[in-house]
file target_36.txt (compact mmCIF, C-alpha atoms and all ligand atoms)
# COMPACT_ATOMS: atom_id res chain seq x y z
CA MET A 1 -302.41 33.87 4.43
CA GLU A 2 -299.78 31.67 6.02
CA PHE A 3 -296.23 31.13 4.82
CA ASN A 4 -293.10 29.35 6.06
CA ILE A 5 -289.93 31.41 5.79
CA SER A 6 -286.42 30.03 6.22
CA VAL A 7 -284.31 32.69 7.88
CA ILE A 8 -280.56 32.63 7.38
CA SER A 9 -279.10 35.32 9.60
CA GLY A 10 -275.52 34.36 8.76
CA ASP A 11 -272.41 36.20 9.90
CA GLY A 12 -271.25 39.74 10.66
CA ILE A 13 -274.12 42.23 10.53
CA GLY A 14 -276.42 39.44 9.26
CA PRO A 15 -278.26 38.82 12.55
CA GLU A 16 -278.79 42.56 13.18
CA ILE A 17 -280.25 43.39 9.77
CA VAL A 18 -282.38 40.23 9.61
CA ARG A 19 -283.82 41.01 13.04
CA GLU A 20 -285.03 44.38 11.72
CA ALA A 21 -286.48 42.85 8.55
CA LYS A 22 -288.45 40.38 10.69
CA LYS A 23 -289.72 43.29 12.77
CA VAL A 24 -291.13 44.80 9.58
CA LEU A 25 -292.60 41.49 8.39
CA ASP A 26 -294.26 41.00 11.79
CA ARG A 27 -295.84 44.41 11.44
CA ILE A 28 -297.23 43.42 8.03
CA CYS A 29 -298.67 40.24 9.58
CA LYS A 30 -300.37 42.26 12.26
CA LYS A 31 -301.82 44.78 9.81
CA TYR A 32 -303.08 42.26 7.25
CA GLY A 33 -303.77 39.21 9.42
CA HIS A 34 -301.10 37.03 7.80
CA THR A 35 -298.99 34.43 9.59
CA PHE A 36 -295.31 33.97 8.82
CA ASN A 37 -293.58 31.01 10.48
CA TYR A 38 -289.80 31.45 10.70
CA THR A 39 -287.26 28.64 10.80
CA GLU A 40 -283.67 29.68 11.48
CA VAL A 41 -281.24 27.91 9.15
CA LEU A 42 -277.49 27.93 9.70
CA MET A 43 -275.27 28.97 6.81
CA GLY A 44 -271.81 30.49 6.45
CA GLY A 45 -269.34 30.88 9.29
CA VAL A 46 -271.87 30.01 11.97
CA SER A 47 -272.55 26.71 10.21
CA ILE A 48 -268.82 26.00 9.86
CA ASP A 49 -268.40 26.56 13.57
CA ALA A 50 -271.33 24.27 14.38
CA HIS A 51 -271.06 21.57 11.70
CA GLY A 52 -267.73 22.01 9.89
CA VAL A 53 -269.40 22.91 6.57
CA PRO A 54 -270.96 26.18 5.33
CA LEU A 55 -274.33 24.56 4.57
CA THR A 56 -275.47 21.09 5.62
CA GLU A 57 -277.71 18.93 3.44
CA GLU A 58 -280.35 19.15 6.14
CA ALA A 59 -280.21 22.96 6.16
CA LEU A 60 -280.56 22.99 2.38
CA ARG A 61 -283.55 20.64 2.62
CA THR A 62 -285.23 22.92 5.17
CA ALA A 63 -284.71 25.89 2.84
CA ARG A 64 -286.00 23.96 -0.15
CA GLU A 65 -289.16 22.94 1.67
CA SER A 66 -290.04 26.45 2.82
CA ASP A 67 -292.05 29.05 0.89
CA SER A 68 -289.15 31.46 0.73
CA VAL A 69 -285.72 32.22 2.15
CA LEU A 70 -284.60 35.46 3.78
CA LEU A 71 -280.83 35.81 4.02
CA GLY A 72 -278.67 38.37 5.83
CA ALA A 73 -275.08 37.84 4.70
CA VAL A 74 -272.23 35.44 5.24
CA GLY A 75 -268.47 35.80 5.48
CA GLY A 76 -265.84 37.31 7.71
CA ILE A 77 -262.80 39.50 7.32
CA VAL A 78 -261.05 37.86 4.39
CA GLY A 79 -257.43 37.25 5.30
CA LYS A 80 -258.06 37.51 9.02
CA ASP A 81 -261.14 35.49 9.98
CA SER A 82 -260.97 32.07 11.62
CA TRP A 83 -262.21 30.40 8.41
CA TYR A 84 -259.44 31.92 6.29
CA ASP A 85 -257.27 28.84 5.94
CA LEU A 86 -260.13 26.64 4.80
CA PRO A 87 -260.23 25.59 1.13
CA PRO A 88 -262.63 27.74 -0.97
CA GLN A 89 -265.37 25.08 -1.03
CA LEU A 90 -265.47 25.10 2.77
CA ARG A 91 -265.41 28.87 3.29
CA PRO A 92 -268.60 30.71 4.36
CA GLU A 93 -269.28 32.05 0.85
CA ALA A 94 -269.44 28.50 -0.55
CA GLY A 95 -272.76 28.19 1.28
CA LEU A 96 -274.14 30.91 -0.99
CA LEU A 97 -273.23 29.10 -4.21
CA LYS A 98 -274.58 25.84 -2.82
CA ILE A 99 -277.94 27.26 -1.80
CA ARG A 100 -278.40 29.16 -5.10
CA LYS A 101 -277.68 26.00 -7.02
CA GLY A 102 -279.69 23.80 -4.65
CA LEU A 103 -282.77 25.98 -5.04
CA GLY A 104 -282.40 26.22 -8.84
CA LEU A 105 -282.36 30.02 -8.80
CA PHE A 106 -281.84 31.14 -12.39
CA ALA A 107 -283.09 34.74 -12.17
CA ASN A 108 -281.30 37.39 -10.17
CA LEU A 109 -283.18 40.65 -9.67
CA ARG A 110 -281.29 43.74 -8.57
CA PRO A 111 -283.23 46.99 -8.42
CA ALA A 112 -281.34 50.29 -8.46
CA LEU A 113 -283.47 53.16 -7.27
CA LEU A 114 -282.27 56.65 -6.52
CA TYR A 115 -284.25 58.06 -3.62
CA ASP A 116 -285.08 61.77 -3.81
CA GLU A 117 -283.67 62.23 -0.33
CA LEU A 118 -280.32 60.63 -1.24
CA LYS A 119 -279.67 62.42 -4.52
CA ALA A 120 -276.81 64.40 -3.02
CA ALA A 121 -274.89 61.12 -2.47
CA CYS A 122 -275.31 60.05 -6.11
CA PRO A 123 -271.90 59.92 -7.81
CA LEU A 124 -273.40 60.92 -11.17
CA ARG A 125 -273.47 64.48 -12.48
CA GLN A 126 -276.01 66.41 -10.40
CA ASP A 127 -278.35 67.16 -13.32
CA ILE A 128 -278.52 63.43 -14.09
CA ALA A 129 -279.12 62.62 -10.41
CA GLU A 130 -281.81 65.28 -10.30
CA ALA A 131 -283.69 63.53 -13.13
CA GLY A 132 -283.66 60.34 -11.02
CA PHE A 133 -283.93 56.68 -11.99
CA ASP A 134 -285.72 53.50 -10.93
CA LEU A 135 -284.53 50.41 -12.78
CA ILE A 136 -284.12 46.72 -12.18
CA VAL A 137 -281.49 44.41 -13.63
CA VAL A 138 -282.78 40.91 -14.38
CA ARG A 139 -279.69 38.74 -14.71
CA GLU A 140 -279.57 35.11 -15.84
CA LEU A 141 -277.81 33.31 -13.00
CA THR A 142 -277.12 29.67 -13.85
CA GLY A 143 -275.96 29.62 -17.48
CA GLY A 144 -273.49 31.31 -19.77
CA ILE A 145 -269.74 31.55 -19.45
CA TYR A 146 -269.58 31.00 -15.65
CA PHE A 147 -271.09 27.53 -16.13
CA GLY A 148 -269.63 26.62 -19.52
CA GLU A 149 -266.82 24.17 -20.15
CA ARG A 150 -263.40 25.52 -19.24
CA LYS A 151 -259.85 24.33 -19.55
CA THR A 152 -256.26 25.45 -19.46
CA GLU A 153 -253.82 23.53 -21.64
CA GLU A 154 -250.59 23.79 -23.51
CA ILE A 155 -251.03 23.80 -27.28
CA ASP A 156 -247.83 23.65 -29.36
CA GLY A 157 -245.87 24.94 -26.38
CA VAL A 158 -248.22 27.89 -25.73
CA MET A 159 -250.35 28.07 -22.59
CA THR A 160 -253.97 28.43 -23.68
CA ALA A 161 -257.15 28.87 -21.64
CA THR A 162 -260.71 28.45 -22.85
CA ASP A 163 -264.10 29.40 -21.37
CA ILE A 164 -267.26 28.56 -23.23
CA LEU A 165 -270.28 30.86 -23.32
CA LYS A 166 -273.27 28.69 -24.09
CA TYR A 167 -277.03 29.21 -23.85
CA ASP A 168 -279.92 27.12 -25.09
CA GLU A 169 -283.25 28.63 -26.05
CA ASN A 170 -285.03 27.25 -22.97
CA GLU A 171 -282.59 28.94 -20.60
CA ILE A 172 -283.11 32.21 -22.46
CA ARG A 173 -286.90 31.91 -22.63
CA ARG A 174 -287.46 31.32 -18.91
CA ILE A 175 -285.43 34.37 -17.88
CA ALA A 176 -287.06 36.47 -20.62
CA VAL A 177 -290.50 35.49 -19.31
CA LYS A 178 -289.47 36.66 -15.82
CA ALA A 179 -288.31 40.01 -17.21
CA PHE A 180 -291.53 40.61 -19.14
CA GLU A 181 -293.66 39.59 -16.14
CA ILE A 182 -291.78 42.06 -13.98
CA ALA A 183 -291.96 44.83 -16.58
CA SER A 184 -295.71 44.41 -16.87
CA LYS A 185 -295.95 45.16 -13.13
CA ARG A 186 -293.70 48.22 -13.54
CA ARG A 187 -293.36 50.70 -16.43
CA ASN A 188 -293.77 48.21 -19.28
CA LYS A 189 -290.34 48.44 -20.83
CA VAL A 190 -287.67 45.77 -21.31
CA THR A 191 -284.18 46.54 -22.56
CA SER A 192 -282.52 43.30 -23.61
CA VAL A 193 -278.76 43.64 -23.44
CA ASP A 194 -276.39 41.48 -25.48
CA LYS A 195 -273.42 41.55 -27.84
CA SER A 196 -275.25 40.31 -30.92
CA ASN A 197 -272.93 42.17 -33.30
CA VAL A 198 -270.26 39.63 -32.32
CA LEU A 199 -271.57 36.58 -30.43
CA ASP A 200 -273.76 33.74 -31.66
CA SER A 201 -275.10 33.18 -28.14
CA SER A 202 -276.25 36.82 -28.17
CA ARG A 203 -277.96 36.42 -31.53
CA LEU A 204 -279.95 33.49 -30.16
CA TRP A 205 -280.63 35.53 -27.04
CA ALA A 206 -282.08 38.42 -29.03
CA LYS A 207 -284.18 36.10 -31.19
CA VAL A 208 -285.74 34.24 -28.25
CA VAL A 209 -286.40 37.49 -26.37
CA GLU A 210 -288.08 38.86 -29.49
CA GLU A 211 -290.33 35.77 -29.67
CA THR A 212 -291.15 35.98 -25.96
CA ALA A 213 -292.14 39.64 -26.36
CA LYS A 214 -295.04 38.62 -28.63
CA SER A 215 -296.89 37.27 -25.57
CA TYR A 216 -296.58 40.67 -23.84
CA PRO A 217 -298.05 43.21 -26.26
CA SER A 218 -298.26 45.94 -23.62
CA VAL A 219 -294.51 45.78 -22.92
CA THR A 220 -292.09 47.67 -25.19
CA LEU A 221 -288.92 45.76 -26.05
CA GLU A 222 -285.66 47.35 -27.11
CA HIS A 223 -282.27 45.76 -27.72
CA MET A 224 -279.01 47.33 -26.63
CA LEU A 225 -275.39 46.27 -26.99
CA VAL A 226 -273.69 45.71 -23.64
CA ASP A 227 -270.93 48.27 -24.12
CA ASN A 228 -273.49 50.91 -24.97
CA CYS A 229 -275.56 49.89 -21.93
CA ALA A 230 -272.56 50.39 -19.64
CA MET A 231 -272.27 53.89 -21.06
CA GLN A 232 -276.00 54.68 -20.95
CA LEU A 233 -276.17 53.69 -17.26
CA VAL A 234 -273.99 56.66 -16.33
CA ARG A 235 -275.23 58.98 -19.09
CA ASP A 236 -279.01 58.56 -18.74
CA PRO A 237 -280.10 55.80 -16.29
CA GLY A 238 -283.62 57.23 -16.25
CA GLN A 239 -284.28 55.66 -19.68
CA PHE A 240 -284.31 52.13 -18.19
CA ASP A 241 -287.12 50.16 -16.57
CA VAL A 242 -286.13 46.46 -16.79
CA ILE A 243 -282.67 45.50 -18.06
CA LEU A 244 -282.65 41.85 -19.14
CA THR A 245 -279.28 40.23 -19.68
CA GLU A 246 -277.13 37.11 -19.49
CA ASN A 247 -274.99 36.04 -16.57
CA MET A 248 -271.63 37.78 -17.02
CA PHE A 249 -273.00 40.98 -18.54
CA GLY A 250 -275.52 41.08 -15.69
CA ASP A 251 -272.82 40.56 -13.08
CA ILE A 252 -270.98 43.62 -14.32
CA LEU A 253 -273.97 45.83 -15.14
CA SER A 254 -275.74 45.14 -11.82
CA ASP A 255 -272.66 46.23 -9.88
CA GLU A 256 -272.46 49.37 -12.02
CA ALA A 257 -276.17 50.02 -11.49
CA SER A 258 -275.83 49.63 -7.73
CA MET A 259 -272.90 52.04 -7.50
CA ILE A 260 -274.72 54.87 -9.27
CA THR A 261 -277.20 54.95 -6.38
CA GLY A 262 -274.28 55.76 -4.10
CA SER A 263 -275.53 53.62 -1.20
CA ILE A 264 -274.71 49.93 -0.76
CA GLY A 265 -276.80 49.68 2.41
CA MET A 266 -280.02 50.44 0.49
CA LEU A 267 -280.01 47.79 -2.24
CA PRO A 268 -282.09 44.63 -2.05
CA SER A 269 -282.00 41.60 -4.33
CA ALA A 270 -284.08 38.57 -5.17
CA SER A 271 -283.14 35.30 -6.80
CA LEU A 272 -285.94 33.26 -8.28
CA GLY A 273 -286.34 29.82 -9.76
CA GLU A 274 -289.15 27.97 -11.47
CA GLY A 275 -291.36 27.57 -8.41
CA LYS A 276 -290.81 28.20 -4.73
CA PRO A 277 -288.80 29.19 -2.81
CA GLY A 278 -287.14 32.44 -3.84
CA LEU A 279 -284.08 33.75 -2.03
CA TYR A 280 -284.06 37.35 -0.80
CA GLU A 281 -280.94 39.10 0.41
CA PRO A 282 -279.29 42.52 0.52
CA SER A 283 -276.76 43.20 -2.25
CA HIS A 284 -274.02 43.90 0.29
CA GLY A 285 -271.97 41.47 2.35
CA ALA A 286 -271.47 40.73 6.04
CA ALA A 287 -269.68 44.03 6.78
CA PRO A 288 -267.56 42.54 9.59
CA ASP A 289 -265.98 45.96 10.19
CA ILE A 290 -269.22 47.28 11.70
CA ALA A 291 -270.79 44.07 13.04
CA GLY A 292 -272.33 44.20 16.50
CA LYS A 293 -272.14 48.00 16.73
CA ASP A 294 -275.72 48.85 15.75
CA LEU A 295 -274.29 50.78 12.78
CA ALA A 296 -275.57 48.64 9.90
CA ASN A 297 -278.20 50.00 7.56
CA PRO A 298 -281.07 47.46 7.64
CA ILE A 299 -282.92 49.01 4.68
CA ALA A 300 -281.45 46.72 1.98
CA THR A 301 -282.66 43.70 3.97
CA ILE A 302 -286.04 45.27 4.71
CA LEU A 303 -286.49 46.02 1.00
CA SER A 304 -285.46 42.44 0.22
CA ALA A 305 -288.28 41.32 2.51
CA ALA A 306 -290.58 43.61 0.51
CA MET A 307 -289.45 41.86 -2.69
CA MET A 308 -290.29 38.56 -0.98
CA LEU A 309 -293.82 39.79 -0.32
CA ARG A 310 -294.17 40.89 -3.94
CA PHE A 311 -292.54 38.03 -5.83
CA SER A 312 -293.03 34.97 -3.61
CA PHE A 313 -296.29 35.75 -1.84
CA ASP A 314 -298.03 37.90 -4.46
CA MET A 315 -298.63 40.60 -1.85
CA ASP A 316 -298.21 43.76 -3.91
CA LYS A 317 -300.05 46.01 -1.51
CA GLU A 318 -298.04 44.81 1.47
CA ALA A 319 -294.80 45.28 -0.49
CA ASP A 320 -295.84 48.81 -1.45
CA ASP A 321 -296.49 49.49 2.24
CA VAL A 322 -292.95 48.51 3.20
CA GLU A 323 -291.38 50.53 0.38
CA ASN A 324 -293.47 53.57 1.21
CA ALA A 325 -292.55 53.27 4.90
CA VAL A 326 -288.85 53.35 3.94
CA LYS A 327 -289.45 56.46 1.82
CA ALA A 328 -291.40 58.10 4.66
CA VAL A 329 -288.63 57.57 7.19
CA LEU A 330 -286.05 58.98 4.76
CA ARG A 331 -288.31 61.94 4.06
CA GLU A 332 -288.52 62.62 7.79
CA GLY A 333 -284.72 62.89 7.77
CA TYR A 334 -283.66 59.70 9.59
CA ARG A 335 -280.36 58.23 8.40
CA THR A 336 -278.05 55.41 9.38
CA LYS A 337 -274.36 56.29 9.40
CA ASP A 338 -273.63 55.09 5.85
CA ILE A 339 -276.15 57.51 4.30
CA MET A 340 -275.83 60.32 6.87
CA SER A 341 -275.63 63.90 5.68
CA GLU A 342 -275.80 67.33 7.24
CA GLY A 343 -279.03 68.28 8.97
CA CYS A 344 -280.28 64.70 9.19
CA ILE A 345 -281.19 62.70 12.30
CA TYR A 346 -278.96 59.75 13.18
CA ALA A 347 -280.60 56.36 13.68
CA GLY A 348 -278.88 53.09 14.54
CA CYS A 349 -279.78 49.77 12.94
CA ARG A 350 -282.37 48.88 15.57
CA GLU A 351 -284.01 52.31 15.60
CA MET A 352 -284.19 52.43 11.81
CA GLY A 353 -286.03 49.09 11.78
CA THR A 354 -288.43 50.28 14.46
CA LEU A 355 -289.13 53.57 12.66
CA ILE A 356 -289.90 51.79 9.39
CA SER A 357 -292.18 49.22 11.03
CA GLU A 358 -294.04 52.00 12.84
CA ARG A 359 -294.75 53.78 9.55
CA ILE A 360 -296.55 50.70 8.14
P1 LIG A 401 -269.36 44.24 2.40
O1 LIG A 401 -270.51 44.53 1.52
O2 LIG A 401 -269.59 43.33 3.53
O3 LIG A 401 -268.77 45.60 2.98
C1 LIG A 401 -268.25 46.64 2.14
C2 LIG A 401 -268.31 47.98 2.88
O4 LIG A 401 -269.66 48.43 2.92
C3 LIG A 401 -267.85 47.90 4.33
O5 LIG A 401 -267.18 49.08 4.68
C4 LIG A 401 -269.13 47.78 5.12
O6 LIG A 401 -269.05 48.31 6.42
C5 LIG A 401 -270.10 48.59 4.25
N1 LIG A 401 -271.47 48.07 4.36
C6 LIG A 401 -271.95 46.93 3.79
N2 LIG A 401 -273.21 46.74 4.12
C7 LIG A 401 -273.57 47.77 4.91
C8 LIG A 401 -274.78 48.14 5.57
N3 LIG A 401 -275.89 47.41 5.52
N4 LIG A 401 -274.79 49.28 6.30
C9 LIG A 401 -273.70 50.04 6.38
N5 LIG A 401 -272.53 49.75 5.79
C10 LIG A 401 -272.46 48.63 5.05
O7 LIG A 401 -268.20 43.66 1.46
P2 LIG A 401 -266.76 43.09 1.85
O8 LIG A 401 -266.16 43.87 2.95
O9 LIG A 401 -266.06 42.99 0.57
O10 LIG A 401 -267.03 41.61 2.35
C11 LIG A 401 -267.12 41.21 3.71
C12 LIG A 401 -267.48 39.74 3.79
O11 LIG A 401 -268.80 39.54 3.25
C13 LIG A 401 -266.56 38.84 2.96
O12 LIG A 401 -266.37 37.65 3.64
C14 LIG A 401 -267.34 38.61 1.68
O13 LIG A 401 -266.99 37.44 1.02
C15 LIG A 401 -268.74 38.55 2.22
N6 LIG A 401 -269.77 38.87 1.23
C16 LIG A 401 -270.94 38.19 1.36
C17 LIG A 401 -271.98 38.44 0.50
C18 LIG A 401 -273.25 37.74 0.73
O14 LIG A 401 -273.46 37.15 1.80
N7 LIG A 401 -274.17 37.76 -0.21
C19 LIG A 401 -271.85 39.41 -0.60
C20 LIG A 401 -270.60 40.14 -0.60
C21 LIG A 401 -269.61 39.84 0.29
MG MG A 402 -270.45 40.60 -8.88

call {"tool": "encode", "arguments": {"input": "target_36.txt", "output": "structure tokens"}}
result
Amino acid sequence: MEFNISVISGDGIGPEIVREAKKVLDRICKKYGHTFNYTEVLMGGVSIDAHGVPLTEEALRTARESDSVLLGAVGGIVGKDSWYDLPPQLRPEAGLLKIRKGLGLFANLRPALLYDELKAACPLRQDIAEAGFDLIVVRELTGGIYFGERKTEEIDGVMTATDILKYDENEIRRIAVKAFEIASKRRNKVTSVDKSNVLDSSRLWAKVVEETAKSYPSVTLEHMLVDNCAMQLVRDPGQFDVILTENMFGDILSDEASMITGSIGMLPSASLGEGKPGLYEPSHGAAPDIAGKDLANPIATILSAAMMLRFSFDMDKEADDVENAVKAVLREGYRTKDIMSEGCIYAGCREMGTLISERI
């Protein structure tokens, strides 16, 4: 099969980690006879330097016309970088919001998987870490309180601010469908998280999710209140398969879920819309403190590329290959600096990418 991939290397460690992900994708092409055509698209600080804006209309068009987008990271050292004095809408990170919006990406997928080999780094109680977990947060990305009407005003001499949390049934249904589709490829369980004991928007959420579930008889649906979910994530994360939730709850819960794995350099993400293209990027940022030193962990980006194979190209076997290669290299004891522990073998960014591609 042949696909066109827009590649946004971005700033900081972006170019290093994307280079390693491409190495892995090239290996997959070789093994399976696929062709991936890459087009480099400028976004973030590099685009500001070249064009004065974090993402040009032309760059967005290129991304929109491709089959999928692979992104490293954008941004510099906040407070110190050369883009610091620019207004927020012209800073590197504004490119991120623009591309997410421009591609209509309403579903954000953040897996949190605790690798056997990295259990010692898990910040949870050791018996909980020992039990392990493998979950994915499916977060609604373009609705809810972050996109609702907002205002700050003075009412009867009192400063008052309002943010509106609003969802319609269509917004809820399309993200619910994504969650059930994903669950049916995993362990067939969806936990829908809301605050339906208080919020109307949550009551509608629960109702629409319940209706959607009828089309997926093999998937078990449970409902959980968000405060309880926050607690359950540290008490017993192994109970979760797919966590489905709205924008703000998902923002908070996905950060919590990523931290309990204890390793930011390992966590991929995917953002999907109605059709193509999806956007695939590591959960971490541009890590300017270690850029250009061959210290970055490329695994989050490599696993993001695996998600691209699975969700955009329908290549489950190829995606499994990449994920298994990552596990194999960890099992053999290779570690980048961020996940290093006693008795392990140090590998730089470049070597880690090479090792993983060789195991495919
Ligand atoms: P960060 O995620 O870039 O770095 C946080 C810490 O984690 C740093 O110590 C860094 O060295 C380390 N780290 C991150 N990724 C790593 C990897 N792959 N391997 C080893 N260590 C890694 O977050 P920070 O410092 O808050 O932000 C830096 C810049 O990145 C800012 O401009 C920020 O706005 C931007 N950013 C961009 C994102 C994106 O492009 N999606 C997401 C988050 C932040
Ligand atoms: Mg967040």

call {"tool": "residues_near_ligand", "arguments": {"input": "target_36.txt", "ligand": "ligand LIG 401 (chain A)", "cutoff": "7 Å", "atoms": "all atoms listed in the file", "output": "short mmCIF file (atom, residue, chain, number, x, y, z; two decimals) with C-alpha atoms, in the coordinates of the input"}}
result
data_model
loop_
_atom_site.label_atom_id
_atom_site.label_comp_id
_atom_site.auth_asym_id
_atom_site.auth_seq_id
_atom_site.Cartn_x
_atom_site.Cartn_y
_atom_site.Cartn_z
CA GLY A 72 -278.67 38.37 5.83
CA ALA A 73 -275.08 37.84 4.70
CA VAL A 74 -272.23 35.44 5.24
CA GLY A 75 -268.47 35.80 5.48
CA GLY A 76 -265.84 37.31 7.71
CA ILE A 77 -262.80 39.50 7.32
CA VAL A 78 -261.05 37.86 4.39
CA GLU A 93 -269.28 32.05 0.85
CA LEU A 96 -274.14 30.91 -0.99
CA ILE A 264 -274.71 49.93 -0.76
CA GLY A 265 -276.80 49.68 2.41
CA GLU A 281 -280.94 39.10 0.41
CA SER A 283 -276.76 43.20 -2.25
CA HIS A 284 -274.02 43.90 0.29
CA GLY A 285 -271.97 41.47 2.35
CA ALA A 286 -271.47 40.73 6.04
CA ALA A 287 -269.68 44.03 6.78
CA PRO A 288 -267.56 42.54 9.59
CA ASP A 289 -265.98 45.96 10.19
CA ILE A 290 -269.22 47.28 11.70
CA LEU A 295 -274.29 50.78 12.78
CA ALA A 296 -275.57 48.64 9.90
CA ASN A 297 -278.20 50.00 7.56
CA PRO A 298 -281.07 47.46 7.64
CA ALA A 300 -281.45 46.72 1.98
CA LYS A 337 -274.36 56.29 9.40
CA ASP A 338 -273.63 55.09 5.85
#

call {"tool": "residues_near_ligand", "arguments": {"input": "target_36.txt", "ligand": "ligand MG 402 (chain A)", "cutoff": "9 Å", "atoms": "only C-alpha atoms and all ligand atoms", "output": "ChimeraX atom specification"}}
result
/A:248,250-255

call {"tool": "residues_around", "arguments": {"input": "target_36.txt", "residues": "Lys293 (chain A)", "least_positions_apart": "5", "cutoff": "9 Å", "atoms": "all atoms listed in the file", "output": "ChimeraX atom specification"}}
result
/A:13,348-349

call {"tool": "write_last_selection", "arguments": {"input": "target_36.txt", "atoms": "C-alpha atoms", "output": "PDB file, in the frame of the given file"}}
result
ATOM      1  CA  ILE A  13    -274.120  42.230  10.530  1.00  0.00           C
ATOM      2  CA  GLY A 348    -278.880  53.090  14.540  1.00  0.00           C
ATOM      3  CA  CYS A 349    -279.780  49.770  12.940  1.00  0.00           C
TER       4      CYS A 349
END

call {"tool": "residues_around", "arguments": {"input": "target_36.txt", "residues": "Val190 (chain A)", "least_positions_apart": "4", "cutoff": "7 Å", "atoms": "all atoms listed in the file", "output": "number ranges by chain"}}
result
A: 180, 183, 220-222, 241-244

call {"tool": "closest_residue", "arguments": {"input": "target_36.txt", "among": "A:Arg125, A:Arg91, A:Arg203, A:Arg335", "to": "Pro237 (chain A)", "atoms": "only C-alpha atoms"}}
result
A:Arg125

call {"tool": "residues_near_point", "arguments": {"input": "target_36.txt", "point": "(-283.0, 48.5, -8.8)", "cutoff": "6 Å", "atoms": "only C-alpha atoms", "output": "list in words"}}
result
Arg110, Pro111, Ala112, Leu113, Leu135 and Ile136 of chain A

call {"tool": "residues_around", "arguments": {"input": "target_36.txt", "residues": "Leu165 (chain A)", "least_positions_apart": "2", "cutoff": "6 Å", "atoms": "all atoms listed in the file", "output": "VMD selection string"}}
result
chain A and resid 144 to 145 148

call {"tool": "closest_residue", "arguments": {"input": "target_36.txt", "among": "A:Arg187, A:Arg331, A:Arg174, A:Lys207", "to": "Glu274 (chain A)", "atoms": "only C-alpha atoms"}}
result
A:Arg174

call {"tool": "build_atoms", "arguments": {"input": "target_36.txt", "residues": "region 80-95 of chain A", "atoms": "N, CA and C atoms", "output": "PDB file, in the frame of the given file"}}
result
ATOM      1  N   LYS A  80    -258.260  37.462   7.572  1.00  0.00           N
ATOM      2  CA  LYS A  80    -258.060  37.510   9.020  1.00  0.00           C
ATOM      3  C   LYS A  80    -259.013  36.599   9.801  1.00  0.00           C
ATOM      4  N   ASP A  81    -260.155  36.217   9.185  1.00  0.00           N
ATOM      5  CA  ASP A  81    -261.140  35.490   9.980  1.00  0.00           C
ATOM      6  C   ASP A  81    -260.677  34.050  10.260  1.00  0.00           C
ATOM      7  N   SER A  82    -261.387  33.398  11.174  1.00  0.00           N
ATOM      8  CA  SER A  82    -260.970  32.070  11.620  1.00  0.00           C
ATOM      9  C   SER A  82    -261.191  31.006  10.540  1.00  0.00           C
ATOM     10  N   TRP A  83    -261.927  31.359   9.476  1.00  0.00           N
ATOM     11  CA  TRP A  83    -262.210  30.400   8.410  1.00  0.00           C
ATOM     12  C   TRP A  83    -261.248  30.569   7.234  1.00  0.00           C
ATOM     13  N   TYR A  84    -260.268  31.503   7.411  1.00  0.00           N
ATOM     14  CA  TYR A  84    -259.440  31.920   6.290  1.00  0.00           C
ATOM     15  C   TYR A  84    -258.641  30.794   5.655  1.00  0.00           C
ATOM     16  N   ASP A  85    -258.135  29.887   6.475  1.00  0.00           N
ATOM     17  CA  ASP A  85    -257.270  28.840   5.940  1.00  0.00           C
ATOM     18  C   ASP A  85    -258.022  27.666   5.330  1.00  0.00           C
ATOM     19  N   LEU A  86    -259.339  27.713   5.392  1.00  0.00           N
ATOM     20  CA  LEU A  86    -260.130  26.640   4.800  1.00  0.00           C
ATOM     21  C   LEU A  86    -260.079  26.713   3.284  1.00  0.00           C
ATOM     22  N   PRO A  87    -260.159  25.547   2.600  1.00  0.00           N
ATOM     23  CA  PRO A  87    -260.230  25.590   1.130  1.00  0.00           C
ATOM     24  C   PRO A  87    -261.520  26.300   0.697  1.00  0.00           C
ATOM     25  N   PRO A  88    -261.503  26.919  -0.517  1.00  0.00           N
ATOM     26  CA  PRO A  88    -262.630  27.740  -0.970  1.00  0.00           C
ATOM     27  C   PRO A  88    -263.993  27.059  -0.828  1.00  0.00           C
ATOM     28  N   GLN A  89    -264.060  25.735  -1.085  1.00  0.00           N
ATOM     29  CA  GLN A  89    -265.370  25.080  -1.030  1.00  0.00           C
ATOM     30  C   GLN A  89    -265.882  24.896   0.391  1.00  0.00           C
ATOM     31  N   LEU A  90    -265.034  25.203   1.376  1.00  0.00           N
ATOM     32  CA  LEU A  90    -265.470  25.100   2.770  1.00  0.00           C
ATOM     33  C   LEU A  90    -265.600  26.463   3.443  1.00  0.00           C
ATOM     34  N   ARG A  91    -265.288  27.535   2.705  1.00  0.00           N
ATOM     35  CA  ARG A  91    -265.410  28.870   3.290  1.00  0.00           C
ATOM     36  C   ARG A  91    -266.888  29.281   3.374  1.00  0.00           C
ATOM     37  N   PRO A  92    -267.212  30.296   4.186  1.00  0.00           N
ATOM     38  CA  PRO A  92    -268.600  30.710   4.360  1.00  0.00           C
ATOM     39  C   PRO A  92    -269.327  30.983   3.039  1.00  0.00           C
ATOM     40  N   GLU A  93    -268.637  31.642   2.092  1.00  0.00           N
ATOM     41  CA  GLU A  93    -269.280  32.050   0.850  1.00  0.00           C
ATOM     42  C   GLU A  93    -269.693  30.854  -0.013  1.00  0.00           C
ATOM     43  N   ALA A  94    -269.062  29.689   0.219  1.00  0.00           N
ATOM     44  CA  ALA A  94    -269.440  28.500  -0.550  1.00  0.00           C
ATOM     45  C   ALA A  94    -270.885  28.113  -0.264  1.00  0.00           C
ATOM     46  N   GLY A  95    -271.359  28.454   0.935  1.00  0.00           N
ATOM     47  CA  GLY A  95    -272.760  28.190   1.280  1.00  0.00           C
ATOM     48  C   GLY A  95    -273.708  28.905   0.334  1.00  0.00           C
TER      49      GLY A  95
END
